[in-house]
Amino acid sequence: MTLLDARPSSKRAEQPYTGMAWIQGGTFRMGSDKHYPEEAPVHRVTVDGFWIDRTPVTNQDFRRFVDATGHVTVAERKPDPKDYPGALPEMLKAGSLVFSPPDYPVSLSDWSQWWAFTFGATWRRPYGPKSSIKGLDDHPVVHVAYEDAAAYAAWAGKDLPTEAEWEFAARGGLDSAAYAWGDEFTPGGRHMANIWQGAFPFQNKREDGYERTSPVTAFPPNGYGLHDMIGNVWEWTSDWYAPKHPNDASKACCIPENPRGGREADSYDPRQPQVRIPRKVLKGGSHLCAPNYCRRYRPAARHAQPVDTSSSHIGFRCVSRRGSNT
């Protein structure tokens, strides 16, 4: 389960920022044919070397950005009615999606049973107006829409990762392994990531010690020294969502190099043709991923997220391509 090919040309560059790890480029098998259809088909991809944050961006990190720039997040702004045709006027207020679990079993086909659009929920108040991030400086920032993550990355002199870069880094040098740490879900009975234990969404056994988010270094790093590539919070990538991967190249000479995902025009949700909000790829799963629902606590897993939508389980990390061949 080693990488197919490590690229000699991906020379290690001087570290541009603290808290980042160098990922030497190479060719790997991206995706999975064994789980959800959007992860297929497995196909070979080549990426150049890059730097990536060792952890997701934390509340403390994001506070520095806001203090320096005055940035107002999407969740803190009143939505424009023109972007949401048919929306009830009383719903067009600033806010974000908050996980609000029932205390009884519900249909897993109806996400509205555990998600609530909460007025006043922001990165500073992750569970609503009466909550705060006091004591959560080392937890990942949440309630950040794509625009917010991209603004932070630009301020920091970095970028958001492509889906291929993110998955390559998440695998930690293990090509085709099911998880970021290998093929065993809980090796030796040890929890390797902050995910859901129990019957989602009403029973949270908290066997890993956390009910919601956790400190970004609470769980072991992968083979590249990266924490929380799996679980805790979903992470934004820069790629537009496509419902499936391209087919594998028929010849080694044709393996895509540094792919940039699908087209924006193809990323719209076909189930909501009246809402023209494009979608980006999220990676990594979150603390709400459970064996009985959303088994997306794997490097190959992916999810489509509208660029305007934030929630209490979505965050991000950044990359830098200084010194790489991209």
# chains A, B, ... in the order shown; residues from 1 in each chain; ligands from 1
>>> select_by_dssp(residues="range 7-178 of chain A", states="alpha helix (DSSP H)", output="list in words")
Asn59, Gln60, Asp61, Phe62, Arg63, Arg64, Phe65, Val66, Asp67, Ala68, Thr69, Tyr146, Glu147, Asp148, Ala149, Ala150, Ala151, Tyr152, Ala153, Ala154, Trp155, Glu163, Ala164, Glu165, Trp166, Glu167, Phe168, Ala169 and Ala170 of chain A
>>> closest_atom_pairs(of="range 250-313 of chain A", to="range 160-180 of chain A", cutoff="8 Å", atoms="only C-alpha atoms", output="JSON lines")
{"residue": "A:Asn258", "atom": "CA", "partner": "A:Ala164", "partner_atom": "CA", "distance": 7.3}
{"residue": "A:Pro259", "atom": "CA", "partner": "A:Ala164", "partner_atom": "CA", "distance": 6.9}
{"residue": "A:Arg260", "atom": "CA", "partner": "A:Thr162", "partner_atom": "CA", "distance": 6.3}
{"residue": "A:Gly261", "atom": "CA", "partner": "A:Glu163", "partner_atom": "CA", "distance": 7.1}
{"residue": "A:Val281", "atom": "CA", "partner": "A:Glu163", "partner_atom": "CA", "distance": 7.0}
{"residue": "A:Lys283", "atom": "CA", "partner": "A:Glu163", "partner_atom": "CA", "distance": 7.5}
{"residue": "A:Tyr297", "atom": "CA", "partner": "A:Tyr179", "partner_atom": "CA", "distance": 7.4}
{"residue": "A:Arg298", "atom": "CA", "partner": "A:Tyr179", "partner_atom": "CA", "distance": 5.0}
{"residue": "A:Pro299", "atom": "CA", "partner": "A:Glu167", "partner_atom": "CA", "distance": 5.5}
{"residue": "A:Ala300", "atom": "CA", "partner": "A:Glu167", "partner_atom": "CA", "distance": 6.6}
>>> closest_residue(among="A:Val141, A:Met229, A:Val319, A:Ile277", to="Arg64 in chain A", atoms="only C-alpha atoms")
A:Val141
>>> residues_around(residues="Pro105 in chain A", least_positions_apart="4", cutoff="10 Å", atoms="only C-alpha atoms", output="JSON list (two decimals) with N, CA and C atoms, in the first residue's frame")
[["chain", "number", "residue", "atom", "x", "y", "z"],
["A", 101, "PRO", "N", -29.62, 17.51, 17.24],
["A", 101, "PRO", "CA", -30.06, 16.12, 17.19],
["A", 101, "PRO", "C", -31.36, 15.86, 17.92],
["A", 113, "GLN", "N", -34.28, 16.56, 10.01],
["A", 113, "GLN", "CA", -34.56, 16.06, 11.34],
["A", 113, "GLN", "C", -33.42, 16.34, 12.32],
["A", 199, "ALA", "N", -25.92, 5.13, 17.35],
["A", 199, "ALA", "CA", -26.90, 5.20, 16.28],
["A", 199, "ALA", "C", -27.18, 6.66, 15.94],
["A", 200, "PHE", "N", -26.69, 7.11, 14.81],
["A", 200, "PHE", "CA", -26.90, 8.49, 14.37],
["A", 200, "PHE", "C", -28.37, 8.66, 13.99],
["A", 201, "PRO", "N", -29.00, 9.83, 14.27],
["A", 201, "PRO", "CA", -28.45, 11.03, 14.90],
["A", 201, "PRO", "C", -28.83, 11.20, 16.37],
["A", 202, "PHE", "N", -29.47, 10.20, 16.95],
["A", 202, "PHE", "CA", -30.05, 10.42, 18.29],
["A", 202, "PHE", "C", -29.21, 9.85, 19.42],
["A", 203, "GLN", "N", -28.31, 8.92, 19.13],
["A", 203, "GLN", "CA", -27.52, 8.27, 20.18],
["A", 203, "GLN", "C", -26.04, 8.52, 19.97]]
>>> select_by_dssp(residues="range 36-135 of chain A", states="strand (DSSP E or B)", output="compact mmCIF listing (two decimals) with N, CA and C atoms, in the first residue's frame")
# COMPACT_ATOMS: atom_id res chain seq x y z
N HIS A 43 -8.87 6.05 -10.14
CA HIS A 43 -8.09 6.50 -11.29
C HIS A 43 -6.76 7.06 -10.80
N ARG A 44 -5.74 6.89 -11.61
CA ARG A 44 -4.41 7.39 -11.24
C ARG A 44 -4.31 8.89 -11.50
N VAL A 45 -3.68 9.56 -10.54
CA VAL A 45 -3.51 11.01 -10.59
C VAL A 45 -2.10 11.34 -10.12
N THR A 46 -1.51 12.34 -10.71
CA THR A 46 -0.19 12.80 -10.29
C THR A 46 -0.29 14.22 -9.74
N VAL A 47 0.36 14.46 -8.61
CA VAL A 47 0.42 15.82 -8.06
C VAL A 47 1.88 16.18 -7.79
N PHE A 50 3.89 19.93 -2.43
CA PHE A 50 3.26 21.13 -1.88
C PHE A 50 3.37 21.08 -0.36
N TRP A 51 3.17 22.22 0.25
CA TRP A 51 3.08 22.33 1.70
C TRP A 51 1.60 22.34 2.11
N ILE A 52 1.29 21.75 3.26
CA ILE A 52 -0.09 21.75 3.74
C ILE A 52 -0.11 21.97 5.25
N ASP A 53 -1.11 22.67 5.73
CA ASP A 53 -1.25 22.89 7.17
C ASP A 53 -1.34 21.54 7.90
N THR A 58 -7.78 26.91 13.11
CA THR A 58 -8.47 26.93 14.41
C THR A 58 -9.22 28.24 14.64
N GLY A 95 -27.35 33.73 9.46
CA GLY A 95 -27.30 32.53 10.28
C GLY A 95 -26.58 31.41 9.57
N SER A 96 -26.66 30.23 10.12
CA SER A 96 -25.94 29.09 9.58
C SER A 96 -26.60 27.81 10.07
N LEU A 97 -26.21 26.68 9.48
CA LEU A 97 -26.77 25.39 9.86
C LEU A 97 -26.10 24.86 11.12
N VAL A 98 -26.90 24.44 12.07
CA VAL A 98 -26.40 23.90 13.34
C VAL A 98 -26.97 22.49 13.53
N PHE A 99 -26.11 21.57 13.91
CA PHE A 99 -26.56 20.22 14.21
C PHE A 99 -27.41 20.24 15.48
N TRP A 115 -30.72 18.91 11.29
CA TRP A 115 -30.10 20.20 10.97
C TRP A 115 -31.12 21.31 11.09
N ALA A 116 -30.71 22.43 11.67
CA ALA A 116 -31.60 23.58 11.80
C ALA A 116 -30.85 24.84 11.38
N PHE A 117 -31.45 25.60 10.45
CA PHE A 117 -30.86 26.90 10.12
C PHE A 117 -31.11 27.82 11.30
N THR A 118 -30.02 28.24 11.93
CA THR A 118 -30.13 28.96 13.20
C THR A 118 -29.70 30.41 13.03
N PHE A 119 -30.61 31.32 13.25
CA PHE A 119 -30.28 32.74 13.17
C PHE A 119 -29.25 33.07 14.25
>>> closest_atom_pairs(of="range 176-222 of chain A", to="range 233-247 of chain A", cutoff="12 Å", atoms="only C-alpha atoms", output="Markdown table")
| residue | atom | partner | partner_atom | distance |
| --- | --- | --- | --- | --- |
| A:Ala193 | CA | A:Val233 | CA | 10.4 |
| A:Asn194 | CA | A:Val233 | CA | 8.6 |
| A:Ile195 | CA | A:Val233 | CA | 9.2 |
| A:Trp196 | CA | A:Val233 | CA | 11.8 |
| A:Arg212 | CA | A:Val233 | CA | 9.4 |
| A:Thr213 | CA | A:Val233 | CA | 7.3 |
| A:Ser214 | CA | A:Val233 | CA | 9.2 |
| A:Pro215 | CA | A:Val233 | CA | 11.0 |
| A:Val216 | CA | A:Val233 | CA | 9.7 |
>>> decode(residues="range 156-187 of chain A", atoms="N, CA, C and O atoms", output="PDB file, in the first residue's frame")
ATOM      1  N   ALA A 156      -3.448  34.843   4.336  1.00  0.00           N
ATOM      2  CA  ALA A 156      -2.292  34.123   4.866  1.00  0.00           C
ATOM      3  C   ALA A 156      -1.219  33.873   3.815  1.00  0.00           C
ATOM      4  O   ALA A 156      -0.156  33.332   4.129  1.00  0.00           O
ATOM      5  N   GLY A 157      -1.477  34.271   2.561  1.00  0.00           N
ATOM      6  CA  GLY A 157      -0.518  34.028   1.489  1.00  0.00           C
ATOM      7  C   GLY A 157      -0.500  32.588   1.031  1.00  0.00           C
ATOM      8  O   GLY A 157       0.511  32.108   0.501  1.00  0.00           O
ATOM      9  N   LYS A 158      -1.614  31.904   1.213  1.00  0.00           N
ATOM     10  CA  LYS A 158      -1.699  30.485   0.865  1.00  0.00           C
ATOM     11  C   LYS A 158      -2.847  30.273  -0.121  1.00  0.00           C
ATOM     12  O   LYS A 158      -3.387  31.214  -0.687  1.00  0.00           O
ATOM     13  N   ASP A 159      -3.209  29.014  -0.318  1.00  0.00           N
ATOM     14  CA  ASP A 159      -4.325  28.638  -1.176  1.00  0.00           C
ATOM     15  C   ASP A 159      -5.129  27.553  -0.479  1.00  0.00           C
ATOM     16  O   ASP A 159      -4.674  26.959   0.516  1.00  0.00           O
ATOM     17  N   LEU A 160      -6.296  27.251  -1.025  1.00  0.00           N
ATOM     18  CA  LEU A 160      -7.030  26.072  -0.603  1.00  0.00           C
ATOM     19  C   LEU A 160      -6.579  24.896  -1.462  1.00  0.00           C
ATOM     20  O   LEU A 160      -6.257  25.071  -2.641  1.00  0.00           O
ATOM     21  N   PRO A 161      -6.526  23.703  -0.900  1.00  0.00           N
ATOM     22  CA  PRO A 161      -6.045  22.548  -1.676  1.00  0.00           C
ATOM     23  C   PRO A 161      -7.021  22.123  -2.750  1.00  0.00           C
ATOM     24  O   PRO A 161      -8.237  22.321  -2.628  1.00  0.00           O
ATOM     25  N   THR A 162      -6.495  21.545  -3.825  1.00  0.00           N
ATOM     26  CA  THR A 162      -7.358  20.859  -4.773  1.00  0.00           C
ATOM     27  C   THR A 162      -7.820  19.548  -4.129  1.00  0.00           C
ATOM     28  O   THR A 162      -7.255  19.092  -3.132  1.00  0.00           O
ATOM     29  N   GLU A 163      -8.833  18.934  -4.711  1.00  0.00           N
ATOM     30  CA  GLU A 163      -9.277  17.654  -4.166  1.00  0.00           C
ATOM     31  C   GLU A 163      -8.173  16.609  -4.248  1.00  0.00           C
ATOM     32  O   GLU A 163      -7.973  15.820  -3.314  1.00  0.00           O
ATOM     33  N   ALA A 164      -7.432  16.596  -5.354  1.00  0.00           N
ATOM     34  CA  ALA A 164      -6.354  15.619  -5.515  1.00  0.00           C
ATOM     35  C   ALA A 164      -5.248  15.842  -4.478  1.00  0.00           C
ATOM     36  O   ALA A 164      -4.740  14.885  -3.880  1.00  0.00           O
ATOM     37  N   GLU A 165      -4.854  17.095  -4.269  1.00  0.00           N
ATOM     38  CA  GLU A 165      -3.837  17.378  -3.256  1.00  0.00           C
ATOM     39  C   GLU A 165      -4.315  16.941  -1.881  1.00  0.00           C
ATOM     40  O   GLU A 165      -3.565  16.325  -1.115  1.00  0.00           O
ATOM     41  N   TRP A 166      -5.560  17.283  -1.562  1.00  0.00           N
ATOM     42  CA  TRP A 166      -6.092  16.945  -0.241  1.00  0.00           C
ATOM     43  C   TRP A 166      -6.089  15.429  -0.042  1.00  0.00           C
ATOM     44  O   TRP A 166      -5.639  14.943   1.004  1.00  0.00           O
ATOM     45  N   GLU A 167      -6.592  14.682  -1.016  1.00  0.00           N
ATOM     46  CA  GLU A 167      -6.660  13.225  -0.848  1.00  0.00           C
ATOM     47  C   GLU A 167      -5.277  12.591  -0.788  1.00  0.00           C
ATOM     48  O   GLU A 167      -5.040  11.667  -0.007  1.00  0.00           O
ATOM     49  N   PHE A 168      -4.355  13.083  -1.609  1.00  0.00           N
ATOM     50  CA  PHE A 168      -2.981  12.582  -1.581  1.00  0.00           C
ATOM     51  C   PHE A 168      -2.383  12.763  -0.185  1.00  0.00           C
ATOM     52  O   PHE A 168      -1.772  11.848   0.380  1.00  0.00           O
ATOM     53  N   ALA A 169      -2.577  13.954   0.389  1.00  0.00           N
ATOM     54  CA  ALA A 169      -2.036  14.233   1.728  1.00  0.00           C
ATOM     55  C   ALA A 169      -2.732  13.391   2.781  1.00  0.00           C
ATOM     56  O   ALA A 169      -2.093  12.890   3.719  1.00  0.00           O
ATOM     57  N   ALA A 170      -4.045  13.207   2.660  1.00  0.00           N
ATOM     58  CA  ALA A 170      -4.801  12.458   3.664  1.00  0.00           C
ATOM     59  C   ALA A 170      -4.371  11.008   3.727  1.00  0.00           C
ATOM     60  O   ALA A 170      -4.407  10.383   4.800  1.00  0.00           O
ATOM     61  N   ARG A 171      -3.949  10.453   2.615  1.00  0.00           N
ATOM     62  CA  ARG A 171      -3.565   9.041   2.592  1.00  0.00           C
ATOM     63  C   ARG A 171      -2.274   8.783   3.354  1.00  0.00           C
ATOM     64  O   ARG A 171      -1.977   7.638   3.717  1.00  0.00           O
ATOM     65  N   GLY A 172      -1.494   9.802   3.587  1.00  0.00           N
ATOM     66  CA  GLY A 172      -0.315   9.650   4.426  1.00  0.00           C
ATOM     67  C   GLY A 172       0.708   8.658   3.910  1.00  0.00           C
ATOM     68  O   GLY A 172       1.440   8.043   4.681  1.00  0.00           O
ATOM     69  N   GLY A 173       0.753   8.457   2.591  1.00  0.00           N
ATOM     70  CA  GLY A 173       1.701   7.518   2.011  1.00  0.00           C
ATOM     71  C   GLY A 173       1.154   6.123   1.814  1.00  0.00           C
ATOM     72  O   GLY A 173       1.867   5.243   1.328  1.00  0.00           O
ATOM     73  N   LEU A 174      -0.105   5.892   2.205  1.00  0.00           N
ATOM     74  CA  LEU A 174      -0.734   4.579   2.050  1.00  0.00           C
ATOM     75  C   LEU A 174      -1.653   4.610   0.835  1.00  0.00           C
ATOM     76  O   LEU A 174      -2.768   5.131   0.899  1.00  0.00           O
ATOM     77  N   ASP A 175      -1.203   4.074  -0.265  1.00  0.00           N
ATOM     78  CA  ASP A 175      -2.004   4.100  -1.476  1.00  0.00           C
ATOM     79  C   ASP A 175      -3.076   3.013  -1.414  1.00  0.00           C
ATOM     80  O   ASP A 175      -2.777   1.847  -1.172  1.00  0.00           O
ATOM     81  N   SER A 176      -4.319   3.392  -1.605  1.00  0.00           N
ATOM     82  CA  SER A 176      -5.474   2.488  -1.658  1.00  0.00           C
ATOM     83  C   SER A 176      -5.931   1.959  -0.304  1.00  0.00           C
ATOM     84  O   SER A 176      -6.846   1.138  -0.243  1.00  0.00           O
ATOM     85  N   ALA A 177      -5.331   2.397   0.801  1.00  0.00           N
ATOM     86  CA  ALA A 177      -5.827   1.982   2.120  1.00  0.00           C
ATOM     87  C   ALA A 177      -7.208   2.600   2.342  1.00  0.00           C
ATOM     88  O   ALA A 177      -7.512   3.685   1.853  1.00  0.00           O
ATOM     89  N   ALA A 178      -8.047   1.896   3.094  1.00  0.00           N
ATOM     90  CA  ALA A 178      -9.401   2.392   3.333  1.00  0.00           C
ATOM     91  C   ALA A 178      -9.400   3.675   4.153  1.00  0.00           C
ATOM     92  O   ALA A 178     -10.181   4.598   3.886  1.00  0.00           O
ATOM     93  N   TYR A 179      -8.524   3.738   5.154  1.00  0.00           N
ATOM     94  CA  TYR A 179      -8.494   4.879   6.064  1.00  0.00           C
ATOM     95  C   TYR A 179      -7.144   5.585   5.993  1.00  0.00           C
ATOM     96  O   TYR A 179      -6.194   5.095   5.378  1.00  0.00           O
ATOM     97  N   ALA A 180      -7.041   6.724   6.615  1.00  0.00           N
ATOM     98  CA  ALA A 180      -5.795   7.486   6.580  1.00  0.00           C
ATOM     99  C   ALA A 180      -4.687   6.791   7.361  1.00  0.00           C
ATOM    100  O   ALA A 180      -3.518   7.138   7.228  1.00  0.00           O
ATOM    101  N   TRP A 181      -5.042   5.824   8.192  1.00  0.00           N
ATOM    102  CA  TRP A 181      -4.070   5.120   9.038  1.00  0.00           C
ATOM    103  C   TRP A 181      -3.911   3.655   8.659  1.00  0.00           C
ATOM    104  O   TRP A 181      -3.165   2.929   9.290  1.00  0.00           O
ATOM    105  N   GLY A 182      -4.627   3.178   7.646  1.00  0.00           N
ATOM    106  CA  GLY A 182      -4.541   1.782   7.237  1.00  0.00           C
ATOM    107  C   GLY A 182      -5.908   1.213   6.898  1.00  0.00           C
ATOM    108  O   GLY A 182      -6.845   1.954   6.585  1.00  0.00           O
ATOM    109  N   ASP A 183      -6.043  -0.106   6.977  1.00  0.00           N
ATOM    110  CA  ASP A 183      -7.302  -0.752   6.588  1.00  0.00           C
ATOM    111  C   ASP A 183      -8.171  -1.165   7.759  1.00  0.00           C
ATOM    112  O   ASP A 183      -9.298  -1.622   7.559  1.00  0.00           O
ATOM    113  N   GLU A 184      -7.689  -1.013   8.982  1.00  0.00           N
ATOM    114  CA  GLU A 184      -8.482  -1.369  10.156  1.00  0.00           C
ATOM    115  C   GLU A 184      -9.118  -0.112  10.730  1.00  0.00           C
ATOM    116  O   GLU A 184      -8.439   0.884  10.987  1.00  0.00           O
ATOM    117  N   PHE A 185     -10.427  -0.171  10.973  1.00  0.00           N
ATOM    118  CA  PHE A 185     -11.176   1.005  11.412  1.00  0.00           C
ATOM    119  C   PHE A 185     -10.699   1.526  12.762  1.00  0.00           C
ATOM    120  O   PHE A 185     -10.395   2.718  12.919  1.00  0.00           O
ATOM    121  N   THR A 186     -10.629   0.651  13.752  1.00  0.00           N
ATOM    122  CA  THR A 186     -10.134   1.026  15.087  1.00  0.00           C
ATOM    123  C   THR A 186      -9.033   0.049  15.483  1.00  0.00           C
ATOM    124  O   THR A 186      -9.287  -0.922  16.198  1.00  0.00           O
ATOM    125  N   PRO A 187      -7.816   0.269  15.026  1.00  0.00           N
ATOM    126  CA  PRO A 187      -6.732  -0.674  15.313  1.00  0.00           C
ATOM    127  C   PRO A 187      -6.493  -0.828  16.813  1.00  0.00           C
ATOM    128  O   PRO A 187      -6.316   0.160  17.523  1.00  0.00           O
TER     129      PRO A 187
END
